[in-house]
Structures are given as structure tokens and as C-alpha cells.
$ cat run14.txt   # compact mmCIF, C-alpha atoms
# COMPACT_ATOMS: atom_id res chain seq x y z
CA MET A 2 -167.57 81.65 11.98
CA ARG A 3 -164.49 83.49 10.79
CA VAL A 4 -164.55 86.98 12.25
CA VAL A 5 -162.63 90.17 11.61
CA HIS A 6 -162.80 92.52 14.59
CA TYR A 7 -162.14 96.27 14.76
CA LEU A 8 -160.92 97.94 17.95
CA ASN A 9 -159.64 101.41 18.81
CA GLN A 10 -156.27 101.91 20.48
CA PHE A 11 -157.75 101.74 23.96
CA PHE A 12 -159.59 98.43 23.61
CA GLY A 13 -156.77 97.14 21.43
CA GLY A 14 -154.48 97.56 24.45
CA LEU A 15 -152.18 100.13 22.84
CA GLY A 16 -152.95 103.01 25.19
CA GLY A 17 -155.37 105.79 26.00
CA GLU A 18 -155.94 109.22 24.52
CA GLU A 19 -152.19 109.81 24.23
CA GLU A 20 -152.06 107.03 21.64
CA ALA A 21 -155.11 108.24 19.66
CA ASN A 22 -152.91 109.15 16.68
CA ILE A 23 -151.56 105.63 16.32
CA ALA A 24 -151.81 104.31 12.75
CA VAL A 25 -153.83 101.28 11.79
CA GLU A 26 -152.33 97.86 12.47
CA VAL A 27 -153.53 94.33 11.75
CA ARG A 28 -152.99 91.48 14.21
CA GLU A 29 -153.53 87.77 13.71
CA GLY A 30 -156.18 86.38 16.06
CA ALA A 31 -158.26 87.95 18.81
CA VAL A 32 -157.19 90.88 21.00
CA GLY A 33 -158.84 92.05 24.24
CA PRO A 34 -162.64 92.02 23.86
CA GLY A 35 -162.17 89.80 20.80
CA ARG A 36 -161.41 86.82 23.07
CA LEU A 37 -164.71 87.34 24.85
CA LEU A 38 -166.39 87.71 21.48
CA GLU A 39 -165.08 84.28 20.43
CA GLN A 40 -166.46 82.80 23.65
CA VAL A 41 -169.94 84.25 23.33
CA LEU A 42 -170.17 83.43 19.62
CA GLY A 43 -169.33 79.80 20.45
CA ASP A 44 -169.47 77.05 17.79
CA GLY A 45 -165.72 77.23 17.28
CA SER A 46 -165.92 80.81 16.03
CA THR A 47 -162.55 82.48 15.69
CA VAL A 48 -161.42 86.04 15.33
CA VAL A 49 -158.98 85.58 12.48
CA LYS A 50 -157.83 89.19 12.30
CA THR A 51 -158.02 92.18 14.60
CA VAL A 52 -157.65 95.65 13.12
CA ILE A 53 -156.59 98.27 15.66
CA CYS A 54 -156.47 101.99 14.98
CA GLY A 55 -156.10 105.18 17.02
CA ASP A 56 -159.33 107.18 17.21
CA ASN A 57 -157.80 110.34 15.76
CA HIS A 58 -156.02 108.49 13.00
CA ALA A 59 -159.27 106.73 12.06
CA ALA A 60 -161.23 110.01 12.11
CA GLU A 61 -158.67 111.80 9.96
CA ASN A 62 -157.98 108.95 7.52
CA LEU A 63 -161.35 107.27 7.38
CA ASP A 64 -161.26 106.50 3.66
CA SER A 65 -157.96 104.67 3.78
CA VAL A 66 -158.87 102.80 6.98
CA MET A 67 -162.15 101.77 5.33
CA GLU A 68 -160.29 100.50 2.30
CA LEU A 69 -157.87 98.52 4.46
CA VAL A 70 -160.62 96.97 6.58
CA VAL A 71 -162.67 95.94 3.54
CA GLU A 72 -159.54 94.35 2.09
CA GLN A 73 -158.80 92.47 5.32
CA VAL A 74 -162.36 91.13 5.52
CA ARG A 75 -162.19 90.07 1.86
CA GLU A 76 -158.78 88.40 2.16
CA SER A 77 -159.73 86.61 5.36
CA GLN A 78 -162.89 85.26 3.75
CA ALA A 79 -164.61 86.33 6.94
CA ASP A 80 -168.23 85.44 7.66
CA LEU A 81 -168.66 88.36 10.00
CA PHE A 82 -167.22 91.80 10.71
CA VAL A 83 -167.59 93.17 14.23
CA ALA A 84 -166.62 96.66 15.38
CA GLY A 85 -166.48 97.61 19.03
CA PRO A 86 -168.59 97.82 21.15
CA CYS A 87 -167.76 101.50 21.47
CA PHE A 88 -169.96 102.62 24.42
CA VAL A 89 -169.85 106.46 24.50
CA ALA A 90 -166.53 106.87 22.66
CA GLY A 91 -167.62 109.20 19.86
CA ARG A 92 -164.75 108.97 17.37
CA TYR A 93 -164.63 105.21 17.91
CA GLY A 94 -168.39 104.95 17.26
CA VAL A 95 -168.27 107.05 14.11
CA ALA A 96 -165.35 104.99 12.75
CA ALA A 97 -167.02 101.69 13.71
CA GLY A 98 -170.23 102.74 11.94
CA ALA A 99 -168.39 103.84 8.80
CA LEU A 100 -166.34 100.63 8.67
CA CYS A 101 -169.38 98.39 9.17
CA ALA A 102 -171.30 100.30 6.51
CA ALA A 103 -168.40 99.98 4.07
CA VAL A 104 -167.95 96.22 4.62
CA GLN A 105 -171.69 95.65 4.33
CA ALA A 106 -172.00 97.70 1.15
CA GLU A 107 -168.89 96.42 -0.64
CA LEU A 108 -168.79 92.77 0.38
CA GLY A 109 -172.29 91.98 1.67
CA THR A 110 -170.64 90.39 4.71
CA PRO A 111 -172.78 90.50 7.87
CA VAL A 112 -171.70 93.29 10.22
CA VAL A 113 -172.64 94.27 13.74
CA THR A 114 -171.48 96.93 16.17
CA GLY A 115 -172.48 98.26 19.56
CA MET A 116 -172.69 101.77 21.03
CA ALA A 117 -174.45 103.81 23.66
CA VAL A 118 -177.52 105.57 22.30
CA GLU A 119 -175.78 108.93 22.83
CA ASN A 120 -172.83 107.98 20.63
CA PRO A 121 -172.77 110.21 17.50
CA GLY A 122 -172.17 107.05 15.44
CA VAL A 123 -175.76 106.04 16.22
CA ASP A 124 -177.37 108.99 14.45
CA LEU A 125 -175.13 108.49 11.46
CA TYR A 126 -175.54 104.74 10.99
CA ARG A 127 -178.62 103.42 12.84
CA GLN A 128 -180.64 103.16 9.64
CA GLU A 129 -178.02 101.09 7.84
CA LEU A 130 -176.68 98.90 10.61
CA TYR A 131 -177.57 96.71 13.53
CA ILE A 132 -176.15 98.72 16.41
CA VAL A 133 -176.55 97.02 19.76
CA ASP A 134 -177.34 99.37 22.62
CA SER A 135 -174.19 98.78 24.68
CA GLY A 136 -175.04 101.35 27.34
CA GLU A 137 -172.35 103.70 28.61
CA ASN A 138 -170.63 101.40 31.05
CA VAL A 139 -167.59 99.54 29.77
CA ALA A 140 -168.15 96.97 32.52
CA ASP A 141 -171.16 95.80 30.46
CA MET A 142 -168.82 94.56 27.72
CA ARG A 143 -169.95 90.96 28.09
CA ALA A 144 -173.68 91.80 27.94
CA ALA A 145 -173.11 93.91 24.83
CA LEU A 146 -171.08 91.18 23.11
CA ILE A 147 -173.74 88.56 23.90
CA LYS A 148 -176.37 90.71 22.15
CA MET A 149 -174.01 91.39 19.23
CA ALA A 150 -173.30 87.66 18.91
CA ALA A 151 -177.01 86.81 18.87
CA ILE A 152 -177.61 89.25 16.01
CA ALA A 153 -174.47 88.04 14.20
CA ARG A 154 -175.67 84.41 14.30
CA LYS A 155 -179.02 85.40 12.80
CA LEU A 156 -177.39 87.49 10.09
CA ALA A 157 -174.96 84.70 9.24
CA ALA A 158 -177.81 82.18 9.01
CA ASN A 159 -179.77 84.64 6.88
CA GLU A 160 -182.58 84.65 9.42
CA ASP A 161 -184.88 87.52 10.30
CA VAL A 162 -183.17 89.48 13.07
CA GLY A 163 -186.35 90.28 14.96
CA ARG A 164 -187.47 93.37 16.79
CA PRO A 165 -185.12 95.96 18.29
CA ALA A 166 -186.61 95.60 21.78
CA ASP A 167 -186.27 91.79 21.73
CA MET A 168 -182.76 91.71 20.30
CA GLY A 169 -181.33 94.75 22.07
CA TYR A 170 -180.41 96.84 19.06
CA ILE A 171 -181.18 100.49 18.41
CA PRO A 172 -184.32 100.91 16.23
CA ARG A 173 -183.46 101.34 12.56
CA GLY A 174 -186.79 102.89 11.61
CA ILE A 175 -187.86 99.90 9.54
CA MET A 176 -191.53 98.85 9.46
CA LYS A 177 -192.34 95.24 8.66
CA ASP A 178 -195.62 93.51 7.85
CA GLU A 179 -196.76 91.06 10.46
CA ILE A 180 -199.82 88.84 10.86
CA VAL A 181 -201.59 89.45 14.17
CA GLU A 182 -204.70 87.94 15.77
CA GLU A 183 -206.59 91.09 16.64
CA SER A 184 -207.98 93.72 14.26
CA ALA A 185 -206.64 97.26 14.30
CA ALA A 186 -209.82 98.46 16.06
CA VAL A 187 -209.35 95.99 18.92
CA ARG A 188 -205.64 96.74 19.22
CA LEU A 189 -206.32 100.47 19.23
CA ALA A 190 -209.04 100.18 21.87
CA ASN A 191 -206.74 98.07 24.03
CA MET A 192 -203.94 100.60 23.68
CA ILE A 193 -206.23 103.48 24.66
CA LEU A 194 -207.48 101.50 27.65
CA ALA A 195 -203.94 100.72 28.71
CA LYS A 196 -202.82 104.31 28.20
CA THR A 197 -205.73 105.86 30.13
CA THR A 198 -205.38 103.42 33.02
CA GLY A 199 -201.62 103.84 33.23
CA GLN A 200 -200.80 100.31 32.02
CA PRO A 201 -197.82 99.60 29.76
CA TYR A 202 -198.51 99.37 26.05
CA GLU A 203 -196.43 99.37 22.88
CA THR A 204 -197.21 101.77 20.07
CA GLU A 205 -197.23 100.34 16.54
CA LEU A 206 -196.10 103.60 15.00
CA THR A 207 -193.03 105.13 16.59
CA GLN A 208 -192.29 108.61 15.32
CA THR A 209 -188.75 109.53 14.44
CA GLY A 210 -187.19 110.27 17.76
CA PHE A 211 -185.70 113.63 18.55
CA GLU A 212 -183.86 113.55 21.83
CA PRO A 213 -184.99 116.31 24.15
CA ILE A 214 -182.51 119.19 24.09
CA PRO A 215 -181.89 120.77 27.49
CA ALA A 216 -182.85 124.44 27.34
CA PRO A 217 -179.89 126.75 27.85
CA PRO A 218 -180.37 129.11 30.80
CA PRO A 219 -181.88 132.51 30.01
CA VAL A 220 -179.74 135.62 29.56
CA PRO A 221 -181.57 137.96 31.94
CA ASP A 222 -179.64 141.10 31.00
CA LEU A 223 -179.25 141.39 27.26
CA SER A 224 -177.92 144.94 27.57
CA GLU A 225 -174.61 143.34 28.56
CA ALA A 226 -174.82 140.51 26.05
CA THR A 227 -173.52 139.83 22.56
CA VAL A 228 -176.33 138.58 20.33
CA ALA A 229 -175.74 136.84 17.01
CA ILE A 230 -178.12 136.27 14.12
CA VAL A 231 -178.07 132.84 12.50
CA THR A 232 -180.29 131.82 9.61
CA ASP A 233 -181.05 128.62 7.73
CA GLY A 234 -182.56 130.66 4.91
CA GLY A 235 -179.45 130.63 2.71
CA LEU A 236 -178.60 134.37 2.65
CA VAL A 237 -175.06 135.05 1.42
CA PRO A 238 -173.18 138.11 0.13
CA ALA A 239 -173.43 138.81 -3.61
CA GLY A 240 -171.08 136.51 -5.49
CA ASN A 241 -171.62 133.67 -2.99
CA PRO A 242 -168.00 133.62 -1.73
CA ASP A 243 -168.22 130.19 -0.06
CA GLY A 244 -170.14 128.50 -2.86
CA MET A 245 -173.21 127.86 -0.71
CA PRO A 246 -175.36 125.23 -2.45
CA ALA A 247 -179.10 125.85 -2.80
CA ILE A 248 -179.96 122.42 -1.44
CA ALA A 249 -178.46 119.88 1.00
CA SER A 250 -175.67 122.21 2.08
CA THR A 251 -172.70 120.68 3.85
CA ILE A 252 -171.25 124.09 4.66
CA TRP A 253 -172.17 127.24 6.55
CA GLY A 254 -170.84 130.76 6.19
CA ALA A 255 -170.12 133.74 8.44
CA TYR A 256 -170.56 137.18 6.89
CA ASP A 257 -169.45 140.53 8.18
CA ILE A 258 -172.08 143.03 9.29
CA ALA A 259 -169.94 145.04 11.71
CA ALA A 260 -170.31 148.25 9.71
CA VAL A 261 -173.76 147.58 8.29
CA ASP A 262 -176.95 149.00 9.81
CA ASP A 263 -179.40 147.85 7.19
CA LEU A 264 -179.07 145.01 4.67
CA GLU A 265 -179.58 146.03 1.04
CA GLY A 266 -180.91 143.52 -1.46
CA ALA A 267 -178.29 144.44 -4.05
CA ASP A 268 -175.52 143.26 -1.72
CA TYR A 269 -176.91 139.76 -1.14
CA GLU A 270 -178.08 136.58 -2.81
CA VAL A 271 -180.15 133.67 -1.53
CA TYR A 272 -179.19 130.03 -2.09
CA HIS A 273 -182.21 128.02 -0.98
CA ARG A 274 -184.58 126.24 -3.33
CA GLY A 275 -187.17 125.57 -0.63
CA TYR A 276 -188.97 128.93 -0.67
CA ASP A 277 -189.65 131.85 -2.98
CA ASN A 278 -186.55 133.98 -2.40
CA ARG A 279 -187.80 137.22 -4.01
CA HIS A 280 -189.08 138.90 -0.86
CA VAL A 281 -185.83 138.34 1.00
CA LEU A 282 -183.85 139.53 -2.02
CA ASN A 283 -185.93 142.72 -1.97
CA ASP A 284 -185.03 143.29 1.67
CA PRO A 285 -182.71 140.79 3.43
CA ASP A 286 -183.69 142.26 6.83
CA ARG A 287 -186.87 140.23 6.43
CA LEU A 288 -184.69 137.16 7.07
CA VAL A 289 -181.67 138.57 8.92
CA PRO A 290 -183.07 141.50 10.94
CA VAL A 291 -179.90 143.58 11.12
CA ASP A 292 -181.77 146.89 10.84
CA VAL A 293 -183.89 146.57 13.99
CA LEU A 294 -181.30 144.67 16.01
CA LYS A 295 -178.73 147.41 15.39
CA GLU A 296 -181.33 150.00 16.46
CA LEU A 297 -181.92 148.01 19.66
CA GLU A 298 -178.14 147.91 20.15
CA LYS A 299 -177.97 151.71 19.88
CA ALA A 300 -180.92 152.00 22.28
CA GLY A 301 -178.99 149.86 24.77
CA GLU A 302 -181.49 147.01 24.85
CA VAL A 303 -178.84 144.70 23.36
CA GLY A 304 -175.20 145.00 24.40
CA LYS A 305 -173.67 144.15 21.05
CA VAL A 306 -174.80 142.67 17.78
CA TYR A 307 -172.21 140.03 16.84
CA GLU A 308 -170.07 141.28 13.97
CA GLN A 309 -171.08 138.49 11.59
CA PHE A 310 -174.31 136.79 10.69
CA LEU A 311 -174.07 133.03 10.15
CA SER A 312 -175.96 131.38 7.34
CA MET A 313 -176.64 127.99 5.80
CA THR A 314 -179.20 126.38 3.55
CA GLY A 315 -181.68 124.43 5.64
CA LEU A 316 -183.16 122.29 2.90
CA ALA A 317 -183.24 118.53 2.25
CA ASN A 318 -180.38 117.93 4.63
CA PRO A 319 -179.72 114.57 6.28
CA LEU A 320 -180.23 114.96 10.01
CA ALA A 321 -176.67 113.92 10.78
CA ASN A 322 -175.34 116.67 8.53
CA SER A 323 -177.62 119.30 10.05
CA ARG A 324 -176.51 118.29 13.51
CA ARG A 325 -172.86 118.56 12.55
CA ILE A 326 -173.42 122.03 11.11
CA GLY A 327 -175.35 123.01 14.23
CA ARG A 328 -172.55 121.81 16.46
CA GLU A 329 -169.94 123.67 14.42
CA ILE A 330 -171.94 126.90 14.46
CA ALA A 331 -172.57 126.62 18.20
CA GLU A 332 -168.89 125.99 18.88
CA SER A 333 -167.77 128.88 16.72
CA LEU A 334 -170.19 131.31 18.41
CA LYS A 335 -169.26 130.10 21.87
CA ASN A 336 -165.57 130.60 21.12
CA ALA A 337 -166.35 134.09 19.88
CA GLY A 338 -168.01 134.95 23.20
CA VAL A 339 -171.57 135.20 21.85
CA ASP A 340 -174.14 134.98 24.68
CA ALA A 341 -177.38 134.52 22.79
CA VAL A 342 -178.58 133.73 19.29
CA ILE A 343 -181.62 134.59 17.23
CA LEU A 344 -182.10 131.82 14.66
CA THR A 345 -184.39 132.65 11.77
CA SER A 346 -185.88 129.82 9.77
CA THR A 347 -187.79 129.90 6.50
CA MET B 7 -181.18 130.56 21.27
CA ALA B 8 -184.59 131.79 20.19
CA GLN B 9 -185.88 130.52 16.86
CA VAL B 10 -188.10 132.73 14.71
CA THR B 11 -190.10 130.77 12.19
CA ALA B 12 -193.53 130.69 10.62
CA VAL B 13 -193.57 126.91 10.95
CA THR B 14 -193.49 126.65 14.73
CA PRO B 15 -194.73 123.02 14.94
CA VAL B 16 -191.61 121.82 13.11
CA ALA B 17 -189.35 123.85 15.38
CA ARG B 18 -191.06 122.40 18.46
CA MET B 19 -191.01 118.87 17.05
CA VAL B 20 -187.22 118.90 16.66
CA GLY B 21 -186.80 120.19 20.20
CA SER B 22 -186.27 123.94 19.82
CA ASN B 23 -186.82 125.42 23.29
CA ARG B 24 -187.57 129.06 22.56
CA VAL B 25 -189.79 129.40 19.52
CA VAL B 26 -191.16 132.74 18.31
CA GLN B 27 -193.92 132.95 15.70
CA GLY B 28 -192.56 134.37 12.45
CA LYS B 29 -194.73 136.14 9.88
CA GLY B 30 -194.34 133.87 6.86
CA ILE B 31 -192.21 131.11 5.39
CA VAL B 32 -190.88 133.47 2.72
CA TYR B 33 -190.14 136.20 5.27
CA PRO B 34 -190.03 135.21 8.93
CA LEU B 35 -189.45 138.87 9.87
CA GLY B 36 -191.27 140.79 7.17
CA ASP B 37 -194.50 141.25 5.27
CA ALA B 38 -194.49 142.48 1.69
CA GLY B 39 -198.13 143.52 2.09
CA LEU B 40 -197.30 146.27 4.57
CA ASP B 41 -195.79 149.66 3.86
CA PRO B 42 -192.10 149.90 4.84
CA GLU B 43 -192.65 151.65 8.19
CA GLU B 44 -195.35 149.21 9.28
CA GLU B 45 -193.21 146.32 8.15
CA LYS B 46 -190.29 147.52 10.23
CA ASP B 47 -192.60 147.88 13.24
CA LEU B 48 -193.66 144.27 12.72
CA ARG B 49 -190.02 143.18 12.49
CA ARG B 50 -189.13 145.13 15.62
CA SER B 51 -191.97 143.51 17.51
CA ILE B 52 -190.88 140.00 16.45
CA VAL B 53 -187.24 140.67 17.36
CA LYS B 54 -188.37 142.03 20.74
CA GLN B 55 -190.36 138.84 21.31
CA ALA B 56 -187.22 136.85 20.51
CA LEU B 57 -185.20 138.95 22.98
CA GLU B 58 -187.90 138.42 25.62
CA ALA B 59 -187.72 134.66 24.98
CA LEU B 60 -183.93 134.78 25.47
CA ARG B 61 -184.38 136.62 28.77
CA SER B 62 -186.95 134.08 30.04
CA GLU B 63 -186.80 130.52 31.33
CA ALA B 64 -187.68 128.11 28.53
$ encode --input "run14.txt" --output "C-alpha cells"
Amino acid sequence: MRVVHYLNQFFGGLGGEEEANIAVEVREGAVGPGRLLEQVLGDGSTVVKTVICGDNHAAENLDSVMELVVEQVRESQADLFVAGPCFVAGRYGVAAGALCAAVQAELGTPVVTGMAVENPGVDLYRQELYIVDSGENVADMRAALIKMAAIARKLAANEDVGRPADMGYIPRGIMKDEIVEESAAVRLANMILAKTTGQPYETELTQTGFEPIPAPPPVPDLSEATVAIVTDGGLVPAGNPDGMPAIASTIWGAYDIAAVDDLEGADYEVYHRGYDNRHVLNDPDRLVPVDVLKELEKAGEVGKVYEQFLSMTGLANPLANSRRIGREIAESLKNAGVDAVILTST
Amino acid sequence: MAQVTAVTPVARMVGSNRVVQGKGIVYPLGDAGLDPEEEKDLRRSIVKQALEALRSEA
């Protein structure tokens, strides 16, 4: 197989974080993990080109890096594009996922990458790509590449890749028909027996997984705390200054309430097509309870109501986008010294 | 963070740790069927539950 391989600056041997801004460069042949990749692929497979790019440069110039990589794969007449494995390196994982998705979509060339389950690239690209679970430990490079090579061979031969658990990739959420010996009733009874007697069993219907989120510690004394109100109900000031969309919002807004003790309907609009907005438009405190929270601030029960409320439209949003918005909001509030948040959801 | 919502099963499903029952989907902290004073009392009681959730171990 002719392979094009993508590496970040670290695995490409150009340096660590201090070299993360390094621009994209193309090398002939295999570099670093690419040599091991050739070995585990076997059958005279060669890495014909290695594309190396700094993590920051890739994150900030993703479109142009994608274009370059697609062009390299096309020119090289490659049979396979491999990115990483990226382990827990987040920017590397996100870039690897985007590049694999672009090559797959534009050229139909088989692609495979590897990441730790916690890598943000997983959430973004697990449905589109075969992402081998590389684990977090870079010392497991060889094991990850062996799994990636096994999937690559199947993809190149146009064979069925098989189940995630058997092949070591992160579940893509795809259900496939399969002929089995036992009826559903027998399988179900066996599963219940196994479950109630503590034996291992494999469910046939895995629900979309939400990783458990560790609960932040309580704030025992709110009279000393700054409390912010956040809503996914799409409330914005009249005139919609940030252009909040009414569906699938990619943005969030922060709106001043420092001098406001009670929200008036005339001052606000709602951009959210997922519920009947009229009641909130009549009295926005029904969504963003500024009136009572300010009273509780005056009564000393709450130290301070944060000077802005934060708002976005929580409707028909891809999970990855919602998570990004959540992270941005959390970071912004943390930086502003907010201790606790009341999130209101429609 | 305490989350006020009428649809508590969804909040719990996605992993929200401090969930407070809201009044309705169209107004988590209101009720158009009440007179304004009663409605504000309801809102105050829900906000106080949220504050209590923030003060407590999840």
C-alpha cells in the first residue's frame, strides 16, 4: 500500500510545544512512527509522504492544511491516509480527525486514525471515522499502530471492518443487521440471567454514551459568592446584537444586567424555535430570574449577582458544538471570578 | 452549576449533577396561570431550591 501519513510537530521530530506554531511541511518517505507503521502494515507497504504540522498552526489554519493534505494524497495516488495516533493530544486529535474526514469525503481514500477516548477529536469525528482507541500512553504506539493497520487492510480490501470491540476502534454508533442462532426472547432471557447473576453479557442496544461529569464541589456560603445566570432558552436584548440564530446556534452572548432589577419584555427578544416564546416575552424573568435573584442579593443570601446573563439557543445543536459552547461559557465565567451558576433550560 | 428545567430526565441523562425541577418547558421559572405575586413566589421558591442545590454535595 502507498500511504500518506500525518504527524504533529512532536511526533514529526521537530520539537515540543515551543514548536507548535511551525507551518506545514511535506517530507518524502516515513518519519518517526511512520517507520513503525510501514513495519506493521507489512506487504511492502510504504509511507510515500509524511505531512508534519505544528498543532497551533493546524488548529488556526485548518482549511488550508486540509486542502494541502487532500492534494498530497491525490498526487501520491495513495491507497491509505493515516493520521497519528494522537493519544490525548487534543489539537493533534482534532486536526487528525478533520484531515481524515476531508480525505475520506473528497477522495474516497481509506483513512484511519487513533486517539485516546478522552481526546476531543473523538467526539467530533467518531461517527465518520474509524478511530482506534490508542489509550493515553505514548509507549503503546506499537499496539495502536497494529490496530490501525488491521483496520486499514480491511478498508483497502473493501472488507467489512467488524465490530468495535473486536477491532479496537471507538464505537461509531452504527447498527448492522446480523444473522444469529437464537431468537430475541432467548437472547434476552440469557442476558437477564447473566445480569442478575453477575455474569458478563453484551447489550445489543448501546445508548449514546455521555461520559459522567464529575460534580463540582458545593459552594457552602453563597452570601460570599458571585452567582451567574446562564440560559439555553435564547433570550437576547431587543435588536439581537450578536445575531443569535433561532436554531443550531454556534454562538453565545453575554448581556448586561448590572443595573437591572427586573427584566421587562419590551427590552428583550427570544431566538429559539423549540418552544412557544410568548410567555418569556411577556416576562423574561420566567426564564432568566433576575428579579428574585437580585432580591436575594439585597437580602444577603447571595453575595453578588454576576453583572451579565449568558444566553444561547439550545436547539438542534450537534453535541460537539454544544460542548464547545459549554466549555467557552465555563471558561469565561471562571475567568470572571463567578463561583456558581444557575442554568435555566427550556 | 444547578440546572433548572421542566425536563429533568434529559438533564440527568446528559450528566447534569444538580437538577432542579422547573415549572414548564415554556417557562422554567414562571407560570402564566398564576397571578403575578403568586408567580413570583413560585419563582423565588425555585431559585431558592437551586441555591440550596449549589450549597449541597451533588
$ interface_residues --input "run14.txt" --of "chain A" --to "chain B" --cutoff "10 Å" --atoms "only C-alpha atoms" --output "JSON, numbers by chain"
{"A": [209, 210, 211, 212, 213, 214, 215, 216, 217, 218, 219, 220, 221, 222, 223, 228, 229, 230, 231, 232, 234, 275, 276, 277, 278, 279, 280, 281, 283, 284, 285, 286, 287, 288, 289, 290, 292, 293, 294, 296, 297, 302, 303, 331, 340, 341, 342, 343, 344, 345, 346, 347]}
$ atom_distance --input "run14.txt" --atom1 "CA of Leu125 (chain A)" --atom2 "CA of Phe310 (chain A)"
28.3 Å
$ atom_distance --input "run14.txt" --atom1 "CA of Asp56 (chain A)" --atom2 "CA of Ala151 (chain A)"
27.0 Å
$ axis_aligned_box --input "run14.txt" --around "region 183-202 of chain A" --padding-each-side "8 Å" --output "JSON"
{"center_x": -203.8, "center_y": 98.5, "center_z": 23.7, "size_x": 28.0, "size_y": 30.8, "size_z": 35.0}
$ residues_around --input "run14.txt" --residues "region 127-134 of chain A" --least-positions-apart "6" --cutoff "8 Å" --atoms "all atoms listed in the file" --output "ChimeraX atom specification"
/A:98,101-102,112-118,145,148-149,152,169-175
$ residues_near_point --input "run14.txt" --point "(-158.1, 87.0, 9.1)" --cutoff "8 Å" --atoms "only C-alpha atoms" --output "MDAnalysis selection string"
chainID A and resid 3:5 29:30 48:51 73:74 76:79
$ atom_distance --input "run14.txt" --atom1 "CA of Glu18 (chain A)" --atom2 "CA of Asn57 (chain A)"
9.0 Å
$ closest_residue --input "run14.txt" --among "A:Pro246, A:Gly55, A:Gly94, A:Gly122" --to "Glu20 (chain A)" --atoms "all atoms listed in the file"
A:Gly55
$ closest_residue --input "run14.txt" --among "A:Cys87, A:Ala24, A:Ala190, A:Leu236" --to "Asn62 (chain A)" --atoms "all atoms listed in the file"
A:Ala24
$ build_atoms --input "run14.txt" --residues "region 40-62 of chain B" --atoms "N, CA and C atoms" --output "compact mmCIF listing (two decimals), in the coordinates of the input"
# COMPACT_ATOMS: atom_id res chain seq x y z
N LEU B 40 -197.26 145.07 3.73
CA LEU B 40 -197.30 146.27 4.57
C LEU B 40 -196.43 147.37 3.95
N ASP B 41 -196.72 148.63 4.32
CA ASP B 41 -195.79 149.66 3.86
C ASP B 41 -194.53 149.59 4.72
N PRO B 42 -193.40 150.15 4.21
CA PRO B 42 -192.10 149.90 4.84
C PRO B 42 -192.06 150.21 6.35
N GLU B 43 -192.69 151.30 6.76
CA GLU B 43 -192.65 151.65 8.19
C GLU B 43 -193.37 150.61 9.04
N GLU B 44 -194.58 150.22 8.55
CA GLU B 44 -195.35 149.21 9.28
C GLU B 44 -194.59 147.89 9.33
N GLU B 45 -193.95 147.59 8.20
CA GLU B 45 -193.21 146.32 8.15
C GLU B 45 -192.07 146.33 9.15
N LYS B 46 -191.40 147.45 9.27
CA LYS B 46 -190.29 147.52 10.23
C LYS B 46 -190.80 147.42 11.67
N ASP B 47 -191.99 148.01 11.91
CA ASP B 47 -192.60 147.88 13.24
C ASP B 47 -192.87 146.41 13.56
N LEU B 48 -193.40 145.71 12.54
CA LEU B 48 -193.66 144.27 12.72
C LEU B 48 -192.36 143.55 13.06
N ARG B 49 -191.31 143.85 12.29
CA ARG B 49 -190.02 143.18 12.49
C ARG B 49 -189.49 143.48 13.89
N ARG B 50 -189.62 144.75 14.29
CA ARG B 50 -189.13 145.13 15.62
C ARG B 50 -189.89 144.35 16.69
N SER B 51 -191.19 144.20 16.49
CA SER B 51 -191.97 143.51 17.51
C SER B 51 -191.59 142.02 17.58
N ILE B 52 -191.29 141.42 16.43
CA ILE B 52 -190.88 140.00 16.45
C ILE B 52 -189.50 139.84 17.09
N VAL B 53 -188.58 140.74 16.76
CA VAL B 53 -187.24 140.67 17.36
C VAL B 53 -187.33 140.87 18.87
N LYS B 54 -188.22 141.80 19.29
CA LYS B 54 -188.37 142.03 20.74
C LYS B 54 -188.94 140.78 21.42
N GLN B 55 -189.85 140.10 20.74
CA GLN B 55 -190.36 138.84 21.31
C GLN B 55 -189.22 137.82 21.45
N ALA B 56 -188.35 137.79 20.44
CA ALA B 56 -187.22 136.85 20.51
C ALA B 56 -186.30 137.21 21.67
N LEU B 57 -186.06 138.52 21.87
CA LEU B 57 -185.20 138.95 22.98
C LEU B 57 -185.86 138.58 24.32
N GLU B 58 -187.18 138.77 24.39
CA GLU B 58 -187.90 138.42 25.62
C GLU B 58 -187.77 136.92 25.89
N ALA B 59 -187.86 136.11 24.82
CA ALA B 59 -187.72 134.66 24.98
C ALA B 59 -186.33 134.32 25.50
N LEU B 60 -185.30 135.04 25.02
CA LEU B 60 -183.93 134.78 25.47
C LEU B 60 -183.74 135.16 26.94
N ARG B 61 -184.50 136.18 27.37
CA ARG B 61 -184.38 136.62 28.77
C ARG B 61 -185.14 135.70 29.73
N SER B 62 -186.03 134.85 29.18
CA SER B 62 -186.95 134.08 30.04
C SER B 62 -186.56 132.61 30.12
